[in-house]
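Chemist: Here you go, this is input.txt (compact mmCIF, C-alpha atoms).
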```
# COMPACT_ATOMS: atom_id res chain seq x y z
CA MET W 39 62.53 104.12 86.29
CA THR W 40 61.49 101.61 88.94
CA THR W 41 63.95 98.84 89.84
CA ASN W 42 62.19 95.55 90.55
CA ILE W 43 63.88 93.63 93.35
CA GLY W 44 63.61 89.98 94.33
CA VAL W 45 64.64 89.08 97.87
CA MET W 46 66.12 85.69 98.72
CA GLY W 47 65.96 85.04 102.44
CA SER W 48 63.10 87.47 102.97
CA SER W 49 62.17 85.85 106.30
CA GLY W 50 65.62 86.55 107.80
CA ARG W 51 66.86 89.55 109.76
CA VAL W 52 68.37 91.49 106.86
CA GLY W 53 65.69 90.20 104.47
CA GLY W 54 63.02 91.78 106.64
CA HIS W 55 64.84 95.11 106.57
CA LEU W 56 65.06 94.86 102.78
CA LEU W 57 61.30 94.41 102.46
CA GLU W 58 60.65 97.49 104.60
CA LEU W 59 63.11 99.66 102.68
CA ILE W 60 61.79 98.56 99.29
CA GLU W 61 58.23 99.34 100.35
CA ALA W 62 59.26 102.81 101.52
CA ASP W 63 61.14 103.73 98.30
CA ALA W 64 59.10 104.93 95.33
CA ASP W 65 61.92 103.99 92.94
CA LEU W 66 61.91 100.35 94.08
CA ALA W 67 59.36 97.55 93.86
CA LEU W 68 59.29 94.04 95.31
CA SER W 69 58.84 91.60 92.43
CA LEU W 70 59.25 88.35 94.41
CA SER W 71 60.06 87.03 97.84
CA ILE W 72 61.95 83.77 98.35
CA THR W 73 62.14 81.75 101.57
CA SER W 74 63.36 78.24 102.34
CA GLN W 75 59.85 77.01 101.49
CA THR W 76 59.70 78.58 98.02
CA ASN W 77 59.38 76.31 94.99
CA PHE W 78 60.97 77.42 91.72
CA ASN W 79 57.79 76.70 89.74
CA ASP W 80 55.88 79.17 91.90
CA ILE W 81 58.17 82.09 91.03
CA GLU W 82 59.37 81.30 87.50
CA GLU W 83 57.03 83.83 85.82
CA LYS W 84 58.04 86.57 88.28
CA LEU W 85 61.73 86.17 87.40
CA SER W 86 61.15 87.86 84.05
CA GLN W 87 59.78 90.88 85.93
CA THR W 88 62.82 91.10 88.22
CA ASP W 89 65.78 93.40 87.58
CA CYS W 90 67.93 92.01 90.38
CA LEU W 91 67.87 89.34 93.09
CA ILE W 92 69.33 90.15 96.52
CA ASP W 93 70.41 87.14 98.57
CA PHE W 94 70.89 87.04 102.32
CA THR W 95 70.49 83.30 102.94
CA ASN W 96 73.58 81.09 103.27
CA HIS W 97 76.20 79.82 100.85
CA LEU W 98 74.52 76.43 100.37
CA ALA W 99 71.07 77.85 99.60
CA CYS W 100 72.52 80.53 97.35
CA ALA W 101 74.63 78.02 95.40
CA GLN W 102 71.55 75.84 94.84
CA TRP W 103 69.59 78.78 93.44
CA LEU W 104 72.49 79.86 91.24
CA ASN W 105 72.74 76.40 89.69
CA LEU W 106 68.96 76.18 89.31
CA LEU W 107 68.67 79.54 87.54
CA ILE W 108 71.33 78.49 85.04
CA GLU W 109 69.72 75.10 84.47
CA LYS W 110 66.34 76.71 83.87
CA GLY W 111 67.83 79.34 81.57
CA LYS W 112 66.79 82.18 83.89
CA PRO W 113 70.05 83.84 85.00
CA LEU W 114 69.63 87.46 86.10
CA PRO W 115 71.68 89.95 88.15
CA ILE W 116 72.26 88.74 91.70
CA ILE W 117 73.75 90.33 94.80
CA THR W 118 74.73 88.02 97.63
CA GLY W 119 75.86 88.85 101.12
CA SER W 120 76.02 85.21 102.19
CA THR W 121 79.25 84.02 103.82
CA GLY W 122 80.98 80.74 104.66
CA TRP W 123 81.62 79.83 101.03
CA THR W 124 83.23 76.46 100.33
CA THR W 125 85.24 75.48 97.27
CA GLU W 126 82.15 73.76 95.85
CA SER W 127 79.81 76.69 96.42
CA GLU W 128 82.40 79.14 95.07
CA SER W 129 82.46 77.16 91.83
CA ALA W 130 78.73 77.90 91.49
CA ILE W 131 79.52 81.63 91.70
CA LYS W 132 82.21 81.44 89.02
CA ARG W 133 79.91 79.44 86.77
CA TYR W 134 77.06 81.91 87.27
CA ALA W 135 79.32 84.88 86.49
CA GLU W 136 79.74 83.47 82.98
CA HIS W 137 76.00 83.90 82.39
CA ALA W 138 74.99 87.00 84.37
CA PRO W 139 76.41 89.69 86.65
CA ILE W 140 76.84 88.62 90.27
CA LEU W 141 78.04 90.86 93.06
CA ILE W 142 79.38 89.09 96.12
CA ASP W 143 80.60 90.76 99.29
CA SER W 144 80.77 89.67 102.90
CA ASN W 145 79.54 93.09 104.01
CA MET W 146 77.33 95.49 102.04
CA GLY W 147 77.68 98.46 104.37
CA LEU W 148 79.18 101.54 102.73
CA GLY W 149 81.12 102.47 105.86
CA THR W 150 82.47 98.94 106.10
CA ASN W 151 83.79 99.08 102.57
CA ILE W 152 85.52 102.38 103.32
CA PHE W 153 86.96 100.55 106.36
CA PHE W 154 88.26 97.85 103.97
CA ALA W 155 89.93 100.52 101.84
CA LEU W 156 91.56 102.19 104.85
CA THR W 157 92.83 98.82 106.14
CA THR W 158 94.36 98.10 102.75
CA GLN W 159 95.99 101.53 102.64
CA VAL W 160 97.53 101.23 106.12
CA ALA W 161 98.75 97.68 105.43
CA GLN W 162 100.34 98.88 102.21
CA MET W 163 102.13 101.69 104.04
CA LEU W 164 103.48 99.17 106.58
CA LYS W 165 104.59 96.69 103.96
CA ASN W 166 108.28 97.45 104.51
CA HIS W 167 108.02 97.76 108.29
CA PRO W 168 107.94 94.17 109.62
CA GLN W 169 107.99 95.34 113.24
CA PHE W 170 104.23 95.93 112.88
CA GLN W 171 102.14 92.78 113.38
CA ALA W 172 98.49 92.66 112.34
CA LYS W 173 95.70 91.19 114.46
CA ILE W 174 91.91 91.25 114.03
CA GLN W 175 89.09 91.19 116.56
CA GLU W 176 85.42 90.82 115.68
CA ILE W 177 82.31 90.87 117.90
CA HIS W 178 78.82 89.73 116.92
CA HIS W 179 75.54 88.77 118.56
CA CYS W 180 75.25 85.40 120.29
CA HIS W 181 73.18 83.88 117.46
CA LYS W 182 75.79 84.30 114.72
CA VAL W 183 76.93 80.88 113.59
CA ASP W 184 80.11 81.42 111.58
CA ALA W 185 83.33 82.47 113.29
CA PRO W 186 85.43 84.24 112.21
CA SER W 187 82.92 86.41 110.38
CA GLY W 188 83.10 86.85 106.63
CA THR W 189 84.12 90.46 107.18
CA ALA W 190 87.02 89.41 109.42
CA LEU W 191 88.18 86.88 106.85
CA LYS W 192 88.08 89.54 104.15
CA LEU W 193 90.13 91.89 106.33
CA LYS W 194 92.65 89.09 106.83
CA ASP W 195 92.93 88.55 103.08
CA LEU W 196 93.31 92.29 102.39
CA ILE W 197 96.16 92.52 104.90
CA ARG W 198 97.89 89.39 103.59
CA GLN W 199 97.86 90.88 100.09
CA GLN W 200 99.99 93.77 101.38
CA ILE W 201 102.03 92.42 104.29
CA ASP W 202 104.17 89.31 104.27
CA GLN W 203 102.63 87.96 107.45
CA ALA W 204 101.01 84.53 107.69
CA LEU W 205 97.81 85.59 109.43
CA ASP W 206 96.24 82.52 111.02
CA SER W 207 92.45 82.43 111.52
CA GLU W 208 92.77 80.71 114.89
CA THR W 209 95.57 82.73 116.48
CA ASP W 210 95.45 86.12 114.75
CA VAL W 211 91.68 86.57 114.44
CA VAL W 212 89.72 86.74 117.70
CA SER W 213 85.95 86.12 117.55
CA LEU W 214 83.61 87.08 120.40
CA ARG W 215 79.89 86.27 120.54
CA GLY W 216 77.44 87.85 122.95
CA GLY W 217 74.33 89.94 123.40
CA ASP W 218 72.77 91.67 120.42
CA VAL W 219 75.89 93.21 118.84
CA VAL W 220 75.19 93.79 115.14
CA GLY W 221 78.85 93.78 114.21
CA GLU W 222 82.14 95.28 115.35
CA HIS W 223 85.54 94.80 113.74
CA THR W 224 88.92 96.15 114.83
CA VAL W 225 92.21 95.78 112.99
CA PHE W 226 95.32 96.20 115.14
CA PHE W 227 98.79 96.91 113.82
CA PHE W 228 101.08 96.34 116.82
CA GLY W 229 104.47 98.05 116.61
CA GLU W 230 107.27 98.69 119.09
CA GLY W 231 106.06 101.32 121.54
CA GLU W 232 102.98 102.12 119.49
CA ARG W 233 99.98 100.59 117.76
CA ILE W 234 97.43 101.56 115.13
CA GLU W 235 93.76 100.64 115.53
CA LEU W 236 91.06 100.84 112.89
CA THR W 237 87.51 100.09 114.04
CA HIS W 238 84.13 99.87 112.38
CA LYS W 239 80.93 99.41 114.40
CA ALA W 240 77.58 98.52 112.87
CA THR W 241 74.70 99.55 115.12
CA ASN W 242 71.81 98.83 112.76
CA ARG W 243 71.26 96.10 110.15
CA ASP W 244 69.72 98.67 107.84
CA ILE W 245 73.24 99.50 106.63
CA PHE W 246 73.54 96.07 105.02
CA ALA W 247 70.13 96.34 103.38
CA LYS W 248 70.72 99.91 102.18
CA GLY W 249 74.09 98.98 100.71
CA ALA W 250 72.58 95.98 98.91
CA LEU W 251 69.83 98.12 97.40
CA LEU W 252 72.36 100.68 96.21
CA ALA W 253 74.34 97.84 94.65
CA ALA W 254 71.19 96.46 93.00
CA GLN W 255 70.55 99.74 91.21
CA TRP W 256 74.22 99.89 90.17
CA LEU W 257 74.27 96.27 88.92
CA LYS W 258 71.20 96.77 86.75
CA GLY W 259 72.24 96.59 83.09
CA LYS W 260 75.78 95.33 83.80
CA GLY W 261 77.23 92.48 81.74
CA PRO W 262 78.11 88.99 83.02
CA GLY W 263 80.97 88.92 85.50
CA LEU W 264 81.98 88.95 89.13
CA TYR W 265 81.63 92.25 91.03
CA SER W 266 82.08 93.55 94.58
CA MET W 267 81.01 96.58 96.64
CA LYS W 268 84.36 98.14 95.78
CA ASP W 269 83.14 98.42 92.18
CA VAL W 270 79.97 100.16 93.39
CA LEU W 271 81.92 102.70 95.44
CA LEU W 272 84.37 103.49 92.65
```
Represent the structure of the file as structure tokens.

Modeler:
Amino acid sequence: MTTNIGVMGSSGRVGGHLLELIEADADLALSLSITSQTNFNDIEEKLSQTDCLIDFTNHLACAQWLNLLIEKGKPLPIITGSTGWTTESESAIKRYAEHAPILIDSNMGLGTNIFFALTTQVAQMLKNHPQFQAKIQEIHHCHKVDAPSGTALKLKDLIRQQIDQALDSETDVVSLRGGDVVGEHTVFFFGEGERIELTHKATNRDIFAKGALLAAQWLKGKGPGLYSMKDVLL
């Protein structure tokens, strides 16, 4: 059965990849395309034909659409890869999750989420070995606005859940911006006379789009609640 996808942020980098992948997949169909110029009244009818919305805009735009869909009585499954969430915009997510399923993750790549799992596992194994200190380095293209990246912040949170180390975003997470790097993250565990390094490198933005589409098919038919890519993988 065909899954009808709506794309929020279709004029962006990842949004453009999503449109290409949807067009090339016989099991997927594009039901609507949303840009910063889109008016709700122009797409309201198409929402009923949409199985899932995929958002790659920003936390402010996404929060506005979440609130609008609830107000208009049109909540439907949503996947968002937007980052930089504030306390106010996070409240919009929690509110939306009471009405429909919403999957939020800073990185939709399957390999990245395996990287998250490995980082968690190593941190857990080092929990009782305080001589190991964790540090994070992330590299992105020169046009990326937020620093540290959402992926780096998630790595920091995963480590802090396992190791009693007060990881500071300014001193323990190094952000580099340059060239056309899609995304590279390295977690260091520095010990005495040794260190452990875990690295993930994204070389193509298709991985984010492909992961989001996989998640969209998984989220279809799920009940209201808050989900992540970890749920998709498990």

Chemist: Which one is closest to Ile116 in chain W: W:Gly216, W:Gly44, W:Gly147, W:Gly249? Count only C-alpha atoms.

Modeler: W:Gly44

Chemist: Need to verify the contact set: Lys194 in chain W, 7 Å, only C-alpha atoms, exclusion of same-chain residues closer than 4 positions in sequence. Can you return it as a PyMOL selection string?

Modeler: chain W and resi 190+198+205

Chemist: Just to confirm, what's the straight-line distance from CA of Ile43 in chain W to CA of Leu91 in chain W in Å (one decimal)?

Modeler: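 Pair CA of Ile43 in chain W / CA of Leu91 in chain W returns 5.9 Å.
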
Chemist: Find the residue from W:Ala172, W:Ile72, W:Ala240, W:Thr41 that sits nearest to Ile60 in chain W; use all atoms listed in the file when measuring.

Modeler: W:Thr41

Chemist: Can you measure CA of Ser213 in chain W to CA of Asn151 in chain W for me? One decimal in Å is fine.

Modeler: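 Rounded to one decimal, the two atoms are 19.9 Å apart.
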
Chemist: Have a look at W:Leu56, W:Asn166, W:Gly221, W:Ala161 and name the one nearest to Lys182 in chain W; count all atoms listed in the file.

Modeler: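 Result for the nearest residue to Lys182 in chain W: W:Gly221.
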
Chemist: Rank W:Gly188, W:Gly149, W:Gly217, W:Gly259 by their smallest atom-to-atom distance to Leu271 in chain W, using only C-alpha atoms, and report the top residue only.

Modeler: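 Nearest to Leu271 in chain W: W:Gly149.
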